[in-house]
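J.: For reference, the file upload.cif (mmCIF, C-alpha atoms) is included below:
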```
data_input
loop_
_atom_site.label_atom_id
_atom_site.label_comp_id
_atom_site.auth_asym_id
_atom_site.auth_seq_id
_atom_site.Cartn_x
_atom_site.Cartn_y
_atom_site.Cartn_z
CA MET A 1 -15.88 -16.46 19.44
CA LYS A 2 -14.11 -16.96 22.76
CA GLY A 3 -12.61 -14.27 24.90
CA THR A 4 -15.09 -11.75 26.18
CA ASN A 5 -17.29 -12.69 29.08
CA SER A 6 -20.43 -10.84 28.11
CA GLN A 7 -21.74 -10.82 31.64
CA GLU A 8 -18.93 -8.57 32.79
CA ASN A 9 -18.67 -6.23 29.82
CA TYR A 10 -21.55 -4.08 28.60
CA TRP A 11 -19.75 -1.85 26.12
CA THR A 12 -21.62 -1.44 22.84
CA ARG A 13 -19.03 0.88 21.32
CA PRO A 14 -15.25 0.55 21.31
CA SER A 15 -13.43 3.14 23.40
CA TYR A 16 -11.25 5.61 21.55
CA LYS A 17 -8.10 3.55 22.11
CA GLU A 18 -9.76 0.33 21.00
CA LYS A 19 -11.03 1.68 17.68
CA PHE A 20 -9.90 0.03 14.48
CA CYS A 21 -7.29 2.41 13.10
CA PRO A 22 -6.87 2.07 9.30
CA LEU A 23 -3.54 3.88 9.25
CA LYS A 24 -1.99 1.61 11.83
CA VAL A 25 -3.34 -1.45 10.03
CA ARG A 26 -1.89 -0.20 6.75
CA GLU A 27 1.54 -0.12 8.35
CA ILE A 28 1.07 -3.67 9.57
CA MET A 29 0.07 -4.81 6.09
CA LYS A 30 3.00 -2.98 4.52
CA ASN A 31 5.44 -4.64 6.89
CA ILE A 32 4.07 -8.04 5.99
CA VAL A 33 3.69 -7.68 2.22
CA GLU A 34 6.77 -5.73 1.20
CA PRO A 35 9.46 -8.09 2.52
CA LYS A 36 7.69 -11.04 0.95
CA LEU A 37 7.00 -9.66 -2.51
CA ILE A 38 9.53 -6.95 -3.24
CA GLU A 39 11.90 -9.26 -5.15
CA GLU A 40 9.31 -11.70 -6.48
CA LYS A 41 8.29 -12.33 -10.07
CA TYR A 42 4.99 -13.87 -11.08
CA GLN A 43 6.20 -17.42 -11.73
CA GLY A 44 2.98 -19.27 -12.15
CA ARG A 45 -0.09 -20.24 -10.24
CA THR A 46 1.34 -22.78 -7.84
CA ALA A 47 4.18 -20.58 -6.62
CA ILE A 48 2.02 -17.52 -6.05
CA ASN A 49 -0.82 -19.48 -4.47
CA GLN A 50 1.27 -20.01 -1.37
CA TYR A 51 1.99 -16.30 -1.13
CA THR A 52 -1.64 -15.23 -1.16
CA TYR A 53 -2.44 -17.75 1.52
CA ASP A 54 0.59 -16.80 3.64
CA ILE A 55 -0.07 -13.08 3.41
CA ALA A 56 -3.75 -13.50 4.28
CA GLU A 57 -2.92 -15.64 7.30
CA SER A 58 -0.14 -13.33 8.51
CA VAL A 59 -2.27 -10.21 8.25
CA ARG A 60 -5.15 -11.92 10.00
CA ASN A 61 -2.94 -13.16 12.82
CA ALA A 62 -1.32 -9.76 13.26
CA LEU A 63 -4.74 -8.08 13.47
CA LYS A 64 -5.97 -10.77 15.81
CA ASP A 65 -3.18 -9.84 18.22
CA GLU A 66 -3.84 -6.14 17.81
CA TYR A 67 -7.63 -6.18 18.15
CA THR A 68 -8.33 -9.09 20.51
CA ASN A 69 -11.83 -10.14 21.47
CA ARG A 70 -14.10 -7.42 20.25
CA PHE A 71 -13.58 -7.38 16.50
CA LYS A 72 -14.31 -9.92 13.80
CA ILE A 73 -11.54 -9.67 11.20
CA MET A 74 -11.90 -10.53 7.50
CA VAL A 75 -8.90 -10.28 5.20
CA GLN A 76 -8.76 -10.69 1.44
CA VAL A 77 -5.56 -10.82 -0.63
CA VAL A 78 -5.43 -10.53 -4.42
CA ILE A 79 -2.21 -11.07 -6.37
CA GLY A 80 -2.22 -10.68 -10.14
CA GLU A 81 0.20 -10.72 -13.02
CA LYS A 82 0.95 -7.45 -14.76
CA GLN A 83 0.36 -7.82 -18.48
CA GLY A 84 -1.02 -4.42 -19.31
CA GLN A 85 -4.59 -5.56 -18.81
CA GLY A 86 -7.14 -3.32 -17.16
CA VAL A 87 -8.24 -4.35 -13.70
CA ARG A 88 -10.30 -2.63 -11.03
CA MET A 89 -11.50 -3.63 -7.57
CA GLY A 90 -14.09 -2.01 -5.35
CA SER A 91 -16.11 -2.83 -2.29
CA LYS A 92 -19.28 -1.85 -0.51
CA CYS A 93 -20.25 -2.55 3.07
CA PHE A 94 -23.39 -2.60 5.12
CA TRP A 95 -22.46 -2.07 8.77
CA ASP A 96 -22.39 0.28 11.73
CA SER A 97 -20.13 3.13 10.67
CA ASP A 98 -19.38 4.16 14.27
CA THR A 99 -17.73 0.89 15.14
CA ASP A 100 -16.70 -0.89 11.94
CA ASN A 101 -13.95 0.00 9.51
CA VAL A 102 -11.80 -1.11 6.59
CA ALA A 103 -8.11 -0.83 5.71
CA TRP A 104 -6.41 -1.62 2.42
CA PHE A 105 -2.93 -1.70 0.98
CA ASN A 106 -1.74 -1.83 -2.63
CA PHE A 107 1.66 -3.06 -3.70
CA MET A 108 3.25 -3.22 -7.15
CA ASN A 109 6.51 -4.34 -8.58
CA ASP A 110 7.57 -4.99 -12.18
CA SER A 111 5.74 -8.26 -12.69
CA LEU A 112 2.92 -8.38 -10.19
CA TYR A 113 0.51 -6.35 -8.11
CA CYS A 114 -0.96 -7.19 -4.72
CA VAL A 115 -4.04 -5.82 -2.99
CA VAL A 116 -4.75 -6.56 0.68
CA ILE A 117 -8.05 -5.46 2.20
CA ALA A 118 -9.13 -6.03 5.80
CA PHE A 119 -12.59 -5.48 7.26
CA ALA A 120 -13.25 -5.30 10.99
CA THR A 121 -16.71 -5.48 12.51
CA TYR A 122 -17.33 -4.87 16.17
CA LEU A 123 -18.86 -7.62 18.23
CA TYR A 124 -21.49 -6.04 20.48
CA MET B 1 -42.49 -15.65 5.49
CA ALA B 2 -41.83 -14.90 9.17
CA ASP B 3 -44.18 -12.62 11.11
CA GLU B 4 -43.15 -9.12 12.12
CA GLY B 5 -40.85 -9.15 15.12
CA GLN B 6 -40.03 -12.86 14.82
CA ALA B 7 -36.48 -14.00 14.06
CA PRO B 8 -35.89 -15.79 10.72
CA ASP B 9 -35.72 -19.56 10.85
CA ASP B 10 -32.19 -20.09 9.66
CA LEU B 11 -29.58 -17.63 10.79
CA THR B 12 -26.94 -18.34 8.23
CA PHE B 13 -26.45 -18.23 4.46
CA THR B 14 -25.84 -21.21 2.21
CA HIS B 15 -23.26 -21.24 -0.56
CA GLN B 16 -26.09 -21.75 -3.04
CA GLU B 17 -27.97 -18.70 -1.84
CA LEU B 18 -24.95 -16.41 -2.07
CA ASP B 19 -24.03 -17.86 -5.45
CA GLU B 20 -27.47 -16.99 -6.80
CA LYS B 21 -27.31 -13.44 -5.50
CA ALA B 22 -23.83 -12.85 -6.88
CA THR B 23 -24.58 -14.36 -10.31
CA GLU B 24 -27.85 -12.48 -10.64
CA ALA B 25 -26.22 -9.14 -9.85
CA ILE B 26 -23.28 -9.68 -12.21
CA GLU B 27 -25.46 -10.91 -15.07
CA ALA B 28 -27.75 -7.92 -14.72
CA VAL B 29 -24.84 -5.51 -15.04
CA LEU B 30 -22.25 -7.21 -17.26
CA ALA B 31 -24.29 -9.53 -19.49
CA SER B 32 -23.38 -8.30 -22.95
CA LYS B 33 -20.93 -5.54 -22.20
CA ILE B 34 -17.42 -5.05 -23.51
CA TYR B 35 -14.68 -4.06 -21.09
CA ASP B 36 -14.59 -0.27 -20.99
CA GLU B 37 -12.24 1.49 -18.63
CA LYS B 38 -14.53 4.48 -18.17
CA GLU B 39 -17.48 2.33 -17.21
CA VAL B 40 -15.78 -0.17 -14.94
CA SER B 41 -16.09 1.72 -11.70
CA ARG B 42 -19.75 2.32 -12.35
CA TRP B 43 -20.28 -1.42 -12.98
CA ILE B 44 -18.46 -2.38 -9.82
CA ASN B 45 -20.54 0.11 -7.84
CA GLU B 46 -23.75 -1.27 -9.27
CA ILE B 47 -22.84 -4.93 -8.74
CA CYS B 48 -21.90 -4.34 -5.12
CA GLU B 49 -25.03 -2.30 -4.49
CA ARG B 50 -27.30 -4.94 -5.99
CA ILE B 51 -25.73 -7.69 -3.93
CA ILE B 52 -25.90 -5.69 -0.70
CA LYS B 53 -29.52 -4.83 -1.39
CA SER B 54 -30.50 -8.44 -2.02
CA LEU B 55 -28.66 -9.49 1.16
CA TYR B 56 -30.33 -6.73 3.17
CA ASP B 57 -33.73 -7.79 1.89
CA THR B 58 -33.37 -11.15 3.63
CA ARG B 59 -33.67 -9.21 6.92
CA LYS B 60 -31.17 -11.41 8.70
CA PRO B 61 -29.14 -9.87 11.55
CA PHE B 62 -25.88 -9.64 9.60
CA LYS B 63 -23.37 -7.06 8.53
CA TYR B 64 -22.27 -7.44 4.89
CA MET B 65 -19.07 -6.66 3.05
CA VAL B 66 -18.88 -7.22 -0.69
CA THR B 67 -15.81 -6.76 -2.88
CA CYS B 68 -15.89 -6.97 -6.66
CA LEU B 69 -12.94 -7.22 -9.00
CA ILE B 70 -13.28 -6.85 -12.78
CA MET B 71 -10.36 -7.75 -15.01
CA GLN B 72 -9.94 -7.64 -18.76
CA LYS B 73 -9.59 -11.09 -20.28
CA THR B 74 -5.97 -11.73 -21.21
CA GLU B 75 -3.49 -14.48 -20.48
CA ALA B 76 -2.64 -12.86 -17.15
CA GLY B 77 -3.01 -14.86 -13.97
CA LEU B 78 -4.89 -13.77 -10.88
CA LEU B 79 -5.09 -15.36 -7.45
CA THR B 80 -7.15 -14.41 -4.46
CA SER B 81 -7.45 -15.81 -0.97
CA GLY B 82 -9.05 -14.79 2.27
CA ALA B 83 -8.46 -15.39 5.95
CA CYS B 84 -11.03 -14.58 8.58
CA MET B 85 -11.53 -14.61 12.29
CA PHE B 86 -15.20 -14.85 13.03
CA GLU B 87 -17.89 -17.19 14.27
CA GLY B 88 -17.68 -20.59 12.61
CA GLY B 89 -21.29 -21.65 12.39
CA THR B 90 -22.96 -18.44 11.32
CA ASP B 91 -20.49 -16.19 9.51
CA MET B 92 -19.52 -16.70 5.89
CA MET B 93 -16.86 -15.79 3.40
CA GLN B 94 -17.56 -16.89 -0.17
CA GLN B 95 -15.85 -16.08 -3.45
CA PHE B 96 -17.46 -16.39 -6.85
CA LEU B 97 -15.95 -16.25 -10.30
CA TRP B 98 -17.90 -15.14 -13.35
CA PRO B 99 -18.25 -16.38 -16.11
CA LYS B 100 -18.56 -19.86 -14.69
CA GLU B 101 -16.74 -22.77 -16.31
CA LYS B 102 -19.93 -24.39 -17.62
CA ALA B 103 -21.33 -21.30 -19.29
CA LYS B 104 -18.19 -20.43 -21.21
CA ASP B 105 -19.81 -20.19 -24.64
CA GLN B 106 -22.58 -17.70 -24.04
CA ALA B 107 -20.83 -15.71 -21.39
CA ASN B 108 -18.86 -12.53 -21.73
CA LYS B 109 -15.68 -12.90 -23.77
CA THR B 110 -13.93 -9.71 -22.72
CA MET B 111 -13.71 -9.79 -18.94
CA HIS B 112 -13.65 -11.76 -15.71
CA ALA B 113 -15.35 -10.80 -12.48
CA VAL B 114 -14.58 -12.07 -8.99
CA VAL B 115 -17.02 -11.27 -6.22
CA THR B 116 -16.31 -11.94 -2.55
CA ILE B 117 -19.09 -11.79 0.02
CA PHE B 118 -18.43 -11.59 3.76
CA CYS B 119 -21.29 -11.92 6.26
CA ALA B 120 -20.77 -11.23 9.96
CA ARG B 121 -23.49 -11.87 12.46
CA PHE B 122 -24.12 -9.27 15.16
#
```
If you took the structure in this file and wrote it as structure tokens, what would it be?
T.:
Amino acid sequence: MKGTNSQENYWTRPSYKEKFCPLKVREIMKNIVEPKLIEEKYQGRTAINQYTYDIAESVRNALKDEYTNRFKIMVQVVIGEKQGQGVRMGSKCFWDSDTDNVAWFNFMNDSLYCVVIAFATYLY
Amino acid sequence: MADEGQAPDDLTFTHQELDEKATEAIEAVLASKIYDEKEVSRWINEICERIIKSLYDTRKPFKYMVTCLIMQKTEAGLLTSGACMFEGGTDMMQQFLWPKEKAKDQANKTMHAVVTIFCARF
């Protein structure tokens, strides 16, 4: 990963301002997902495929701009059709809880639901 | 097996390795179960824990994030994708679907599971 010259920078913890802030990231995700999906219907695999890819890329790029250099960003987007089926998603992480964090956002309209989850791990 | 204090030989995970860990964990938990809304969160918890434990046991210098999605089997469609910004050679993001295409007959007939494993080197 380019960016930080490790010879100049010896921080092993992000400063308070640099910390990954889940609330702020949620807002970012909301601003990306809602305009795209608010009017959409689940039309079929090929149409929605592009949306998952677009949303994942947009969220990742937005977080890349927000948290340059020191964080590795991993974003996952799930879009599913609402047919009354039961569905549940959960996650577990093994990391340094002082520096690493997660943010997620759920969206639903009449025909589909969308879950965006972003993990950020600090690069020491 | 590496000696104490010596770094492991290969510092990355292969698709095969992660596939085995994911399949093993899911089979252990979901093998002959029927989708039950009250039990689902417990299953997800257990699957994620098993995978994290088997990843941790490799003693590689990685941070792990595992997500698991369990969905009742209906005609409904589901799509997932991921985008990451990490180190190309060493970090991984892999997604696995269960039951696999080949094992359709014996496998569970009531639900699908999708497991995503992220590994970030530190």
J.: Compute the distance from (-0.2, -12.1, -14.1) to each atom, counting all atoms listed in the file, keep the residues with any atom at most 7 Å away, and return them as a PyMOL selection string; use the coordinates of the file.
T.: (chain A and resi 42+80-83+112) or (chain B and resi 76-78)
J.: Please enumerate the residues selected by the PyMOL selection byres ((chain A) within 8 of (chain B)) when evaluated against the supplied file, formatted as number ranges by chain.
T.: A: 1, 44-45, 48-49, 52-53, 56-57, 60, 64, 72-83, 85-95, 119, 121, 123-124
J.: Which residues come within 8 Å of A:Ile32, counting only C-alpha atoms, excluding same-chain residues fewer than 2 positions away, as an NGL selection string?
T.: :A and (28-30 or 34-36 or 55 or 58-59)
J.: Could you save the residues just selected, with C-alpha atoms, as a PDB file, keeping the file's coordinate frame?
T.:
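Contents of the output file again_36.pdb:
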```pdb
ATOM      1  CA  ILE A  28       1.070  -3.670   9.570  1.00  0.00           C
ATOM      2  CA  MET A  29       0.070  -4.810   6.090  1.00  0.00           C
ATOM      3  CA  LYS A  30       3.000  -2.980   4.520  1.00  0.00           C
ATOM      4  CA  GLU A  34       6.770  -5.730   1.200  1.00  0.00           C
ATOM      5  CA  PRO A  35       9.460  -8.090   2.520  1.00  0.00           C
ATOM      6  CA  LYS A  36       7.690 -11.040   0.950  1.00  0.00           C
ATOM      7  CA  ILE A  55      -0.070 -13.080   3.410  1.00  0.00           C
ATOM      8  CA  SER A  58      -0.140 -13.330   8.510  1.00  0.00           C
ATOM      9  CA  VAL A  59      -2.270 -10.210   8.250  1.00  0.00           C
TER      10      VAL A  59
END
```
J.: Using all atoms listed in the file, list the residues that have an atom at most 12 Å from (-22.0, -21.9, -2.0), coordinates as in the file, as a list in words.
T.: Thr12, Phe13, Thr14, His15, Gln16, Glu17, Leu18, Asp19, Glu20, Lys21, Ala22, Thr23, Met92, Met93, Gln94, Gln95, Phe96, Leu97, Thr116 and Ile117 of chain B
J.: Provide the atom CA of A:Thr12 to atom CA of A:Phe105 distance in Å, to one decimal place.
T.: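 Going from atom CA of A:Thr12 over to atom CA of A:Phe105 covers 28.8 Å.
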J.: Evaluate the PyMOL selection byres ((chain A and resi 13-21) around 10) against this structure - the residues, as a VMD selection string, please.
T.: chain A and resid 10 to 12 22 to 26 63 66 to 68 70 to 71 98 to 103 119 to 124
J.: Work out how far apart atom CA of B:Thr110 and atom CA of A:Asn106 are and give it in Å to one decimal.
T.: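 Calculated distance between atom CA of B:Thr110 and atom CA of A:Asn106 is 24.8 Å.
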J.: Which residue gives the smallest distance to A:Asp54 among A:Glu39, A:Glu27, A:Asn109, A:Val116, with all atoms listed in the file counted?
T.: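 Of A:Glu39, A:Glu27, A:Asn109, A:Val116, the one nearest A:Asp54, counting all atoms listed in the file, is A:Val116.
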J.: Find the distance between atom CA of B:Ile26 and atom CA of B:Pro99 and write it in Å to one decimal.
T.: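 About the pair atom CA of B:Ile26 and atom CA of B:Pro99: they are 9.2 Å apart.
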